[in-house]
Amino acid sequence: MNDQFFSGLNPEQQDAVSTTDGPLLVLAGPGSGKTRVITHRISYLISQLSIDSQNILAVTFTNRAANEIKERINNMIMSRDAFNLRCGTFHSFCVYILRQHGNFIGLNQNFVIYDDSDQLQVINESLKELQIDHKRFPPRSLLASISKHKSNLLSYEVLSGASKNFYDEIVSRVYESYQKTLNSNSALDFDDLLMKAVQLLQNSQEIQEYYSGRYEHLMIDEFQDTNIAQYTLMRLLGKKHENICVVGDPNQSIYSWRNADIRNIFSFQNDYPNAKVIHLSQNYRSTQNILDAASKLISTNDTNIINKLWTNNGIGESLIIDEGYSEKEEAEKIIHEIERLVKVEKYKWDQCAIMYRVNAQSRVIEEACLSNKIPYKIVGGIKFYSRKEIRDVISYLKVVANPDDDLSIGRIINVPTRGIGSTSYNKIVDFAQTNNKTIYQTISEYNSIEELQELIGLTRRAATSLNIFSNLLQQLISDSKDRTPAEIIEKIIVDVGYQTFLQQDETNGLDRLENVMELKGLAIQLKETEEITSMTEYLDRIALVSDIDGLDTNENSITLITLHQSKGLEFPVVFIAGMEEGLLPHIRSMDDPVQLEEERRLCYVGITRAEKLLYLLRAYKRYGFGQGSQTSIPSRFLTDISELNIQSLEKTNSYSITPKTVFDPNTLHEEREDTAQVLDPIEIGTKVIHKSFGEGIVLLCTESGNDFVVDVHFSSTGKKKLLMSLANLEISKKSK
DNA sequence: CGCCGTACGGTTTTT
DNA sequence: CCGTACGGCG
C-alpha cells in the first residue's frame with residue numbers, strides 16, 4: 001500500500017513526505033516538486049496515518065497556491081474529509097481566528113481591513129495633525145517603516161522614546177497617531193492581522209492553550225518569504241506537537257521589501273535543534289540549459305546558498321537572447337515569436353508567459369497582443385479595487401459592516417453629493433473628536449435637525465442633509481441583518497442613488513456603473529460558490545484575495561505577469577522582457593548590494609519558471625519616467641550568463657531562430673537611425689488630429705528638453721497642453 | 001456648497 | 001500621459 005502511495009516520488013521526496021514526527025526543514029530548489037511533497041504529505045497524514053484533516057494546517061503564500069493544493073488533495077484522496085483541511089495564507093488564517101476569538105484581546109468583532117490606500121490616507125491625516133511636512137517625510141516611506149516595525153512585532157508603545165535619530169522619531173510619532181486612528185475606527189491593516197493574532201495567542205492563556213494544540217501538523221510553504229510575525233505565529237501554533245514542516249528555497253527569497261526575513265530559516269534550525277533537514281535538488285521542470293543559466297546567475301550572489309540544480313530532462317534548446325530597438329519592438333518580437341511557436345511548433349497559447357519587472361511594462365505588450373489579435377490575460381495589475389466607483393461602494397459596505405469606520409464614512413458622506421461639504425464635515429469631525437465619539441455614534445445620537453444645528457453648529461441646510469444621511473445609514477445597517485451583500489449593493493445603487501450619481505458622468509458613467517455591477521456579480525457568485533452571505537465575510541474575502549479568479553481560468557491565452565507574481569508557477573515557454581540595467585535590476589535597488597542580490601534572485605525565479613524555452617529580451621531604447629526615450633545598457637544578469645549556449649532571433653519577418661550566434665551583451669545592440677523619433681516643432685496655426693480629442697489648431701509650441709510642449713485648441717474639448725512625444729499628433733492634410 | 005480650472009507629482013515588487 | 005489636490009468663482 002505504501003509502495004503504491006510513494007510511486008513517482010524520489011527517495012528524498014519520500015523522506016520529506018513520510019517524516020511526520022517532529023520539526024522538518026525542506027530546502028528545495030525550483031521545480032523540485034515542492035507542491036507535490038506538500039500534497040502528498042497531507043494525503044499521507046490523512047489516508048495512511050488517519051489524522052483527521054481538520055487537525056492539519058497548511059500555510060501557503062498566496063490563495064492561488066492554497067486552492068491548487070486543496071484541489072490536488074481532493075483528487076488524491078477523493079473524500080469529503082479533505083474539505084475540512086485548513087489551507088490558506090497566514091493572513092486569511094489570522095482573520096479566521098480573530099473573527100472567532102478577537103474579543104479576548106478586546107478587538108471589535110466587526111473590524112474592517114484597511115488596504116494600502118486606506119493606510120496612506122490615515123498617514124496623510126496624521127501628518128496634517130502633527131504638522132509634519134509630507135515632502136520631507138513621504139507618506140509611503142513612513143508607511144514602509146511603520147509596517148516594518150509591525151512585522152517585527154514592535155508596537156508604538158514599545159518604540160516610543162527609543163528613537164535613535166530624527167527620522168525614527170518622526171516615524172514613531174506618526175506610528176502612534178496612525179495606530180490610534182486605526183484602533184478607534186476598529187480597522188486592522190495587513191500587519192495588524194498578524195500582530196493581533198500573535199497578541200491573541202500570547203496574551204490569553206485560554207486561547208493559547210487551545211491553539212497551541214489545535215493543529216497536530218503544521219506545514220508552511222515558501223518559508224523563505226515569511227516575516228518575524230509569521231514565524232512567531234508558527235512557533236505558537238506548533239508549540240504542543242512541534243510537527244512543523246517548512247519548505248523553502250533561500251535563492252527564491254524575493255519579498256524582503258515586504259519584511260520577509262530569510263533568517264527565519266536559520267532560526268528554525270536554532271529553535272528546533274532536533275529538526276531534520278532534507279534537500280531536494282533534482283529538478284523536474286526545466287531543461288539543463290535553463291538550469292545552467294539559473295545556476296550561473298545565482299552563483300554570482302555572495303550569499304548564494306549553493307544548491308546545484310540538475311535534471312534528467314536533457315540539454316534542451318539554447319537560451320535565446322535578443323533586443324528590440326524600442327520597447328515596442330521588443331513586444332512585437334515576443335508576440336511574433338509566440339505566433340511562430342503556436343503555428344509552427346504547435347505550442348498552445350496558454351503554454352507561453354511573458355514576465356516583467358514592473359507592471360507598467362505590461363501596457364506595451366498588451367497593445368502588441370491587441371494589434372496582433374493574440375489572446376492574453378494579465379495577472380494582477382488590474383486595479384479593479386482602486387477604481388473610484390468601486391472604492392465608494394466598498395466604503396458603504398465597510399460602514400455597514402462596521403459603522404465606527406470614520407475613514408469610510410468620510411469617503412461617502414457626500415457621495416453622491418448631498419450638500420455636506422468640507423466645512424460641515426470638519427465641524428462634525430471636530431465635534432465627534434472632542435466628545436470622544438465616532439462619527440456614526442455622533443450623528444445617530446443627535447438625530448434631529450435642531451440638535452445637529454445647535455450642538456455641531458451646522459447650517460440648517462447641512463443639518464437637514466446630515467439628518468437624511470444618518471437615517472439612510474441606519475436603514476442600511478438594519479437592513480443588512482437579513483440581506484446578502486449583493487442585495488445591499490443593489491440598495492446602494494438604487495436607493496442611495498449611486499446609479500443616478502454615476503449617470504451624471506456622461507463620458508464614463510456607463511463603464512463605471514458596469515464596474516459596480518461586476519462587484520455585485522462577484523457577491524452573487526461568492527454566495528453560490530463559497531456560501532459567503534454576511535457582509536464581513538464578503539469584505540474579508542475581497543481584502544484577502546487579490547486576483548479575480550474564475551475570470552480567466554481555463555482560458556487559452558498567453559499570460560502576462562510580473563516576476564514577483566510568477567513565483568510558484570511554471571510554463572513551457574517563458575519570455576522575460578526588459579533585461580536592462582535600471583529595470584532588472586531595478587534602479588531603486590542598484591546602489592545597495594543587498595537589494596541587488598534580491599534582484600538577481602528575482603531574475604532567477606523568472607528563469608526557473610521555464611520548462612522548455614527561455615527568451616530574454618531587452619530594448620535598446622525605452623521611454624523613461626521623465627520624458628523621451630533613453631538608451632539602456634544590457635542587464636548585468638545577461639553578462640552573468642553570457643558564456644553559455646545562447647542564440648538570438650533572426651531579424652526576418654518570421655523572427656526564426658539563428659543557429660549558433662555567439663552572444664556578447666555589449667555588442668548586441670545596434671545603433672540605428674531615429675526614424676519617427678526625430679521631433680520637429682510644429683508651426684503655429686497648423687491643423688492637427690489627436691486620437692481622442694479629434695481636430696485642433698496649434699496655438700503655441702515651445703521647446704522643453706528633447707521635447708516640445710504644444711498648446712492646441714481642439715474643437716471638441718478646447719485648449720490642451722500636450723507633450724509632443726506622447727501626444728502622437730497627426731498633421732492634418734488640409735493645412736497647406 | 002459645488003463645479004471647474006490649473007498645478008503638480010508620480011512609477012517596484014503585494015498578502 | 002493620468003489622476004488627484006487645491007483654489008477661485010458662481
# chains A, B, ... in the order shown; residues from 1 in each chain; ligands from 1

$ residues_around --residues "A:Trp310" --least-positions-apart "3" --cutoff "9 Å" --atoms "only C-alpha atoms (C1' of nucleotides)" --output "NGL selection string"
:A and (281-284 or 287-288 or 291-292 or 313)

$ interface_residues --of "chain B" --to "chain A" --cutoff "8 Å" --atoms "only C-alpha atoms (C1' of nucleotides)" --output "ChimeraX atom specification"
/B:1,11-13,15

$ select_by_dssp --residues "stretch 278-402 of chain A" --states "strand (DSSP E or B)" --output "number ranges by chain"
A: 278-280, 282-283, 310-311, 319-326, 352-356, 376-378

$ residues_around --residues "A:Ser186" --least-positions-apart "3" --cutoff "8 Å" --atoms "only C-alpha atoms (C1' of nucleotides)" --output "PDB file with all heavy atoms, in the first residue's frame"
ATOM      1  N   LEU A 107     -10.834  43.101  20.810  1.00  0.00           N
ATOM      2  CA  LEU A 107     -10.993  43.509  19.419  1.00  0.00           C
ATOM      3  C   LEU A 107     -12.472  43.537  19.055  1.00  0.00           C
ATOM      4  O   LEU A 107     -13.219  42.644  19.444  1.00  0.00           O
ATOM      5  CB  LEU A 107     -10.253  42.498  18.536  1.00  0.00           C
ATOM      6  CG  LEU A 107      -9.921  42.904  17.128  1.00  0.00           C
ATOM      7  CD1 LEU A 107      -8.898  44.028  17.151  1.00  0.00           C
ATOM      8  CD2 LEU A 107      -9.348  41.707  16.376  1.00  0.00           C
ATOM      9  N   ASN A 108     -12.885  44.562  18.355  1.00  0.00           N
ATOM     10  CA  ASN A 108     -14.246  44.638  17.843  1.00  0.00           C
ATOM     11  C   ASN A 108     -14.427  43.539  16.789  1.00  0.00           C
ATOM     12  O   ASN A 108     -13.690  43.469  15.821  1.00  0.00           O
ATOM     13  CB  ASN A 108     -14.460  46.027  17.232  1.00  0.00           C
ATOM     14  CG  ASN A 108     -15.854  46.203  16.671  1.00  0.00           C
ATOM     15  OD1 ASN A 108     -16.547  45.229  16.362  1.00  0.00           O
ATOM     16  ND2 ASN A 108     -16.260  47.457  16.543  1.00  0.00           N
ATOM     17  N   ASN A 110     -16.403  43.203  14.539  1.00  0.00           N
ATOM     18  CA  ASN A 110     -16.768  43.675  13.198  1.00  0.00           C
ATOM     19  C   ASN A 110     -15.655  44.470  12.535  1.00  0.00           C
ATOM     20  O   ASN A 110     -15.899  45.262  11.637  1.00  0.00           O
ATOM     21  CB  ASN A 110     -18.014  44.556  13.283  1.00  0.00           C
ATOM     22  CG  ASN A 110     -19.222  43.770  13.735  1.00  0.00           C
ATOM     23  OD1 ASN A 110     -19.397  42.621  13.340  1.00  0.00           O
ATOM     24  ND2 ASN A 110     -20.024  44.366  14.592  1.00  0.00           N
ATOM     25  N   PHE A 111     -14.438  44.275  12.987  1.00  0.00           N
ATOM     26  CA  PHE A 111     -13.342  45.058  12.423  1.00  0.00           C
ATOM     27  C   PHE A 111     -13.313  44.961  10.900  1.00  0.00           C
ATOM     28  O   PHE A 111     -13.704  43.956  10.325  1.00  0.00           O
ATOM     29  CB  PHE A 111     -11.993  44.619  13.010  1.00  0.00           C
ATOM     30  CG  PHE A 111     -11.542  43.234  12.628  1.00  0.00           C
ATOM     31  CD1 PHE A 111     -10.912  43.003  11.412  1.00  0.00           C
ATOM     32  CD2 PHE A 111     -11.726  42.163  13.498  1.00  0.00           C
ATOM     33  CE1 PHE A 111     -10.477  41.732  11.069  1.00  0.00           C
ATOM     34  CE2 PHE A 111     -11.301  40.891  13.152  1.00  0.00           C
ATOM     35  CZ  PHE A 111     -10.673  40.669  11.929  1.00  0.00           C
ATOM     36  N   VAL A 112     -12.855  46.037  10.280  1.00  0.00           N
ATOM     37  CA  VAL A 112     -12.664  46.019   8.826  1.00  0.00           C
ATOM     38  C   VAL A 112     -11.171  46.003   8.523  1.00  0.00           C
ATOM     39  O   VAL A 112     -10.360  46.360   9.376  1.00  0.00           O
ATOM     40  CB  VAL A 112     -13.308  47.240   8.126  1.00  0.00           C
ATOM     41  CG1 VAL A 112     -14.810  47.136   8.153  1.00  0.00           C
ATOM     42  CG2 VAL A 112     -12.829  48.533   8.754  1.00  0.00           C
ATOM     43  N   LEU A 182      -6.495  53.847  13.590  1.00  0.00           N
ATOM     44  CA  LEU A 182      -6.992  52.518  13.212  1.00  0.00           C
ATOM     45  C   LEU A 182      -7.781  51.899  14.360  1.00  0.00           C
ATOM     46  O   LEU A 182      -8.862  51.352  14.151  1.00  0.00           O
ATOM     47  CB  LEU A 182      -5.829  51.604  12.804  1.00  0.00           C
ATOM     48  CG  LEU A 182      -5.652  51.449  11.294  1.00  0.00           C
ATOM     49  CD1 LEU A 182      -5.203  52.735  10.652  1.00  0.00           C
ATOM     50  CD2 LEU A 182      -4.679  50.326  10.979  1.00  0.00           C
ATOM     51  N   ASN A 183      -7.241  52.012  15.551  1.00  0.00           N
ATOM     52  CA  ASN A 183      -7.932  51.436  16.702  1.00  0.00           C
ATOM     53  C   ASN A 183      -9.317  52.034  16.872  1.00  0.00           C
ATOM     54  O   ASN A 183     -10.293  51.313  17.050  1.00  0.00           O
ATOM     55  CB  ASN A 183      -7.115  51.657  17.975  1.00  0.00           C
ATOM     56  CG  ASN A 183      -5.838  50.841  17.978  1.00  0.00           C
ATOM     57  OD1 ASN A 183      -5.653  49.942  17.145  1.00  0.00           O
ATOM     58  ND2 ASN A 183      -4.940  51.151  18.892  1.00  0.00           N
ATOM     59  N   ASN A 402     -19.153  47.901   9.751  1.00  0.00           N
ATOM     60  CA  ASN A 402     -18.551  48.481  10.940  1.00  0.00           C
ATOM     61  C   ASN A 402     -18.747  49.994  10.922  1.00  0.00           C
ATOM     62  O   ASN A 402     -17.935  50.726  10.384  1.00  0.00           O
ATOM     63  CB  ASN A 402     -17.058  48.126  10.967  1.00  0.00           C
ATOM     64  CG  ASN A 402     -16.295  48.945  11.991  1.00  0.00           C
ATOM     65  OD1 ASN A 402     -16.857  49.360  13.006  1.00  0.00           O
ATOM     66  ND2 ASN A 402     -15.032  49.180  11.714  1.00  0.00           N
ATOM     67  N   ASP A 404     -18.236  52.202  12.931  1.00  0.00           N
ATOM     68  CA  ASP A 404     -17.211  53.024  13.578  1.00  0.00           C
ATOM     69  C   ASP A 404     -16.107  53.471  12.628  1.00  0.00           C
ATOM     70  O   ASP A 404     -15.231  54.235  13.007  1.00  0.00           O
ATOM     71  CB  ASP A 404     -16.562  52.238  14.727  1.00  0.00           C
ATOM     72  CG  ASP A 404     -17.528  52.036  15.875  1.00  0.00           C
ATOM     73  OD1 ASP A 404     -18.516  52.786  15.939  1.00  0.00           O
ATOM     74  OD2 ASP A 404     -17.299  51.124  16.686  1.00  0.00           O
ATOM     75  N   ASP A 405     -16.153  52.951  11.413  1.00  0.00           N
ATOM     76  CA  ASP A 405     -15.092  53.257  10.458  1.00  0.00           C
ATOM     77  C   ASP A 405     -15.229  54.685   9.922  1.00  0.00           C
ATOM     78  O   ASP A 405     -15.831  54.937   8.887  1.00  0.00           O
ATOM     79  CB  ASP A 405     -15.156  52.230   9.316  1.00  0.00           C
ATOM     80  CG  ASP A 405     -14.049  52.424   8.303  1.00  0.00           C
ATOM     81  OD1 ASP A 405     -13.268  53.383   8.442  1.00  0.00           O
ATOM     82  OD2 ASP A 405     -13.971  51.607   7.369  1.00  0.00           O
TER      83      ASP A 405
END

$ select_by_dssp --residues "stretch 428-626 of chain A" --states "alpha helix (DSSP H)" --output "PyMOL selection string"
chain A and resi 428-434+439-445+449-451+460-480+485-494+498-503+509-530+535-544+593-607

$ residues_around --residues "A:Ile97" --least-positions-apart "2" --cutoff "12 Å" --atoms "only C-alpha atoms (C1' of nucleotides)" --output "PyMOL selection string"
chain A and resi 86+90-95+99-105+107+109+193-194+196-201+207-208+210-211+214+233+237

$ residues_around --residues "C:DG3" --least-positions-apart "4" --cutoff "12 Å" --atoms "only C-alpha atoms (C1' of nucleotides)" --output "compact mmCIF listing (two decimals) with all heavy atoms, in the first residue's frame"
# COMPACT_ATOMS: atom_id res chain seq x y z
N SER A 386 -9.15 49.64 -6.98
CA SER A 386 -8.72 51.01 -6.70
C SER A 386 -9.49 52.02 -7.53
O SER A 386 -9.25 53.21 -7.46
CB SER A 386 -7.22 51.15 -6.91
OG SER A 386 -6.87 50.69 -8.18
N ARG A 387 -10.45 51.53 -8.32
CA ARG A 387 -11.28 52.48 -9.06
C ARG A 387 -12.19 53.23 -8.10
O ARG A 387 -12.67 52.68 -7.12
CB ARG A 387 -12.14 51.74 -10.08
CG ARG A 387 -11.34 51.21 -11.24
CD ARG A 387 -12.16 50.20 -12.00
NE ARG A 387 -11.29 49.20 -12.59
CZ ARG A 387 -11.14 49.03 -13.90
NH1 ARG A 387 -11.82 49.75 -14.74
NH2 ARG A 387 -10.33 48.11 -14.35
N LYS A 388 -12.43 54.49 -8.44
CA LYS A 388 -13.21 55.35 -7.55
C LYS A 388 -14.56 54.74 -7.20
O LYS A 388 -14.94 54.63 -6.05
CB LYS A 388 -13.42 56.72 -8.20
CG LYS A 388 -12.62 57.82 -7.52
CD LYS A 388 -13.08 59.19 -7.98
CE LYS A 388 -12.56 59.64 -9.26
NZ LYS A 388 -12.46 59.46 -10.54
P DC B 8 3.06 74.23 -10.08
OP1 DC B 8 3.71 75.12 -9.12
OP2 DC B 8 3.52 74.18 -11.49
O5' DC B 8 3.09 72.74 -9.50
C5' DC B 8 2.29 72.39 -8.35
C4' DC B 8 2.22 70.88 -8.27
O4' DC B 8 1.24 70.37 -9.20
C3' DC B 8 3.55 70.20 -8.63
O3' DC B 8 3.95 69.42 -7.53
C2' DC B 8 3.21 69.34 -9.85
C1' DC B 8 1.71 69.12 -9.68
N1 DC B 8 0.99 68.81 -10.94
C2 DC B 8 0.08 67.73 -10.97
O2 DC B 8 -0.10 67.05 -9.95
N3 DC B 8 -0.58 67.45 -12.13
C4 DC B 8 -0.37 68.20 -13.21
N4 DC B 8 -1.04 67.91 -14.32
C5 DC B 8 0.55 69.29 -13.20
C6 DC B 8 1.20 69.56 -12.05
P DG B 9 5.43 68.95 -7.35
OP1 DG B 9 6.07 69.80 -6.37
OP2 DG B 9 6.06 68.80 -8.68
O5' DG B 9 5.17 67.51 -6.70
C5' DG B 9 3.87 67.07 -6.42
C4' DG B 9 3.74 65.59 -6.77
O4' DG B 9 2.96 65.45 -8.00
C3' DG B 9 5.07 64.90 -7.04
O3' DG B 9 4.95 63.56 -6.61
C2' DG B 9 5.17 64.92 -8.57
C1' DG B 9 3.71 64.69 -8.92
N9 DG B 9 3.34 65.13 -10.27
C8 DG B 9 3.86 66.21 -10.96
N7 DG B 9 3.33 66.36 -12.14
C5 DG B 9 2.44 65.31 -12.24
C6 DG B 9 1.57 64.95 -13.30
O6 DG B 9 1.44 65.51 -14.40
N1 DG B 9 0.82 63.82 -13.01
C2 DG B 9 0.88 63.11 -11.83
N2 DG B 9 0.09 62.06 -11.71
N3 DG B 9 1.69 63.44 -10.81
C4 DG B 9 2.43 64.54 -11.10
P DG B 10 5.99 62.80 -5.85
OP1 DG B 10 5.95 63.13 -4.43
OP2 DG B 10 7.25 62.92 -6.60
O5' DG B 10 5.37 61.35 -6.05
C5' DG B 10 4.00 61.24 -6.41
C4' DG B 10 3.84 60.19 -7.51
O4' DG B 10 3.64 60.85 -8.79
C3' DG B 10 5.07 59.30 -7.70
O3' DG B 10 4.61 57.98 -7.87
C2' DG B 10 5.70 59.82 -8.99
C1' DG B 10 4.47 60.22 -9.76
N9 DG B 10 4.68 61.18 -10.83
C8 DG B 10 5.53 62.26 -10.86
N7 DG B 10 5.47 62.94 -11.96
C5 DG B 10 4.52 62.27 -12.73
C6 DG B 10 4.03 62.53 -14.03
O6 DG B 10 4.34 63.45 -14.79
N1 DG B 10 3.07 61.61 -14.43
C2 DG B 10 2.64 60.55 -13.66
N2 DG B 10 1.71 59.74 -14.19
N3 DG B 10 3.08 60.28 -12.43
C4 DG B 10 4.02 61.19 -12.05

$ closest_residue --among "A:Leu309, A:Ile335, A:Leu522, A:Ala187" --to "A:Arg285" --atoms "only C-alpha atoms"
A:Leu309

$ atom_distance --atom1 "atom CA of A:Asn152" --atom2 "atom CA of A:Tyr231"
9.9 Å

$ atom_distance --atom1 "atom CA of A:Met590" --atom2 "atom CA of A:Lys148"
21.3 Å

$ residues_around --residues "C:DG7" --least-positions-apart "4" --cutoff "12 Å" --atoms "only C-alpha atoms (C1' of nucleotides)" --output "list in words"
DC4, DG5, DT6 and DA7 of chain B

$ residues_around --residues "stretch 389-397 of chain A" --least-positions-apart "4" --cutoff "7 Å" --atoms "only C-alpha atoms (C1' of nucleotides)" --output "list in words"
Tyr385, Ala401, Ser408, Arg411, Ile412, Arg512 and Val516 of chain A

$ atom_distance --atom1 "atom CA of A:Asn227" --atom2 "atom CA of A:Phe268"
12.5 Å

$ decode --residues "chain C" --atoms "C-alpha atoms (C1' of nucleotides)" --output "PDB file, in the first residue's frame"
ATOM      1  C1'  DC C   1       0.436  60.791 -20.046  1.00  0.00           C
ATOM      2  C1'  DC C   2      -3.090  60.310 -15.968  1.00  0.00           C
ATOM      3  C1'  DG C   3      -5.148  61.138 -11.666  1.00  0.00           C
ATOM      4  C1'  DT C   4      -5.572  63.855  -7.651  1.00  0.00           C
ATOM      5  C1'  DA C   5      -5.274  68.179  -4.791  1.00  0.00           C
ATOM      6  C1'  DC C   6      -6.399  72.640  -4.158  1.00  0.00           C
ATOM      7  C1'  DG C   7      -8.002  77.378  -5.178  1.00  0.00           C
ATOM      8  C1'  DG C   8     -11.259  80.588  -7.108  1.00  0.00           C
ATOM      9  C1'  DC C   9     -15.800  81.665  -8.746  1.00  0.00           C
ATOM     10  C1'  DG C  10     -20.942  81.259  -9.382  1.00  0.00           C
TER      11       DG C  10
END
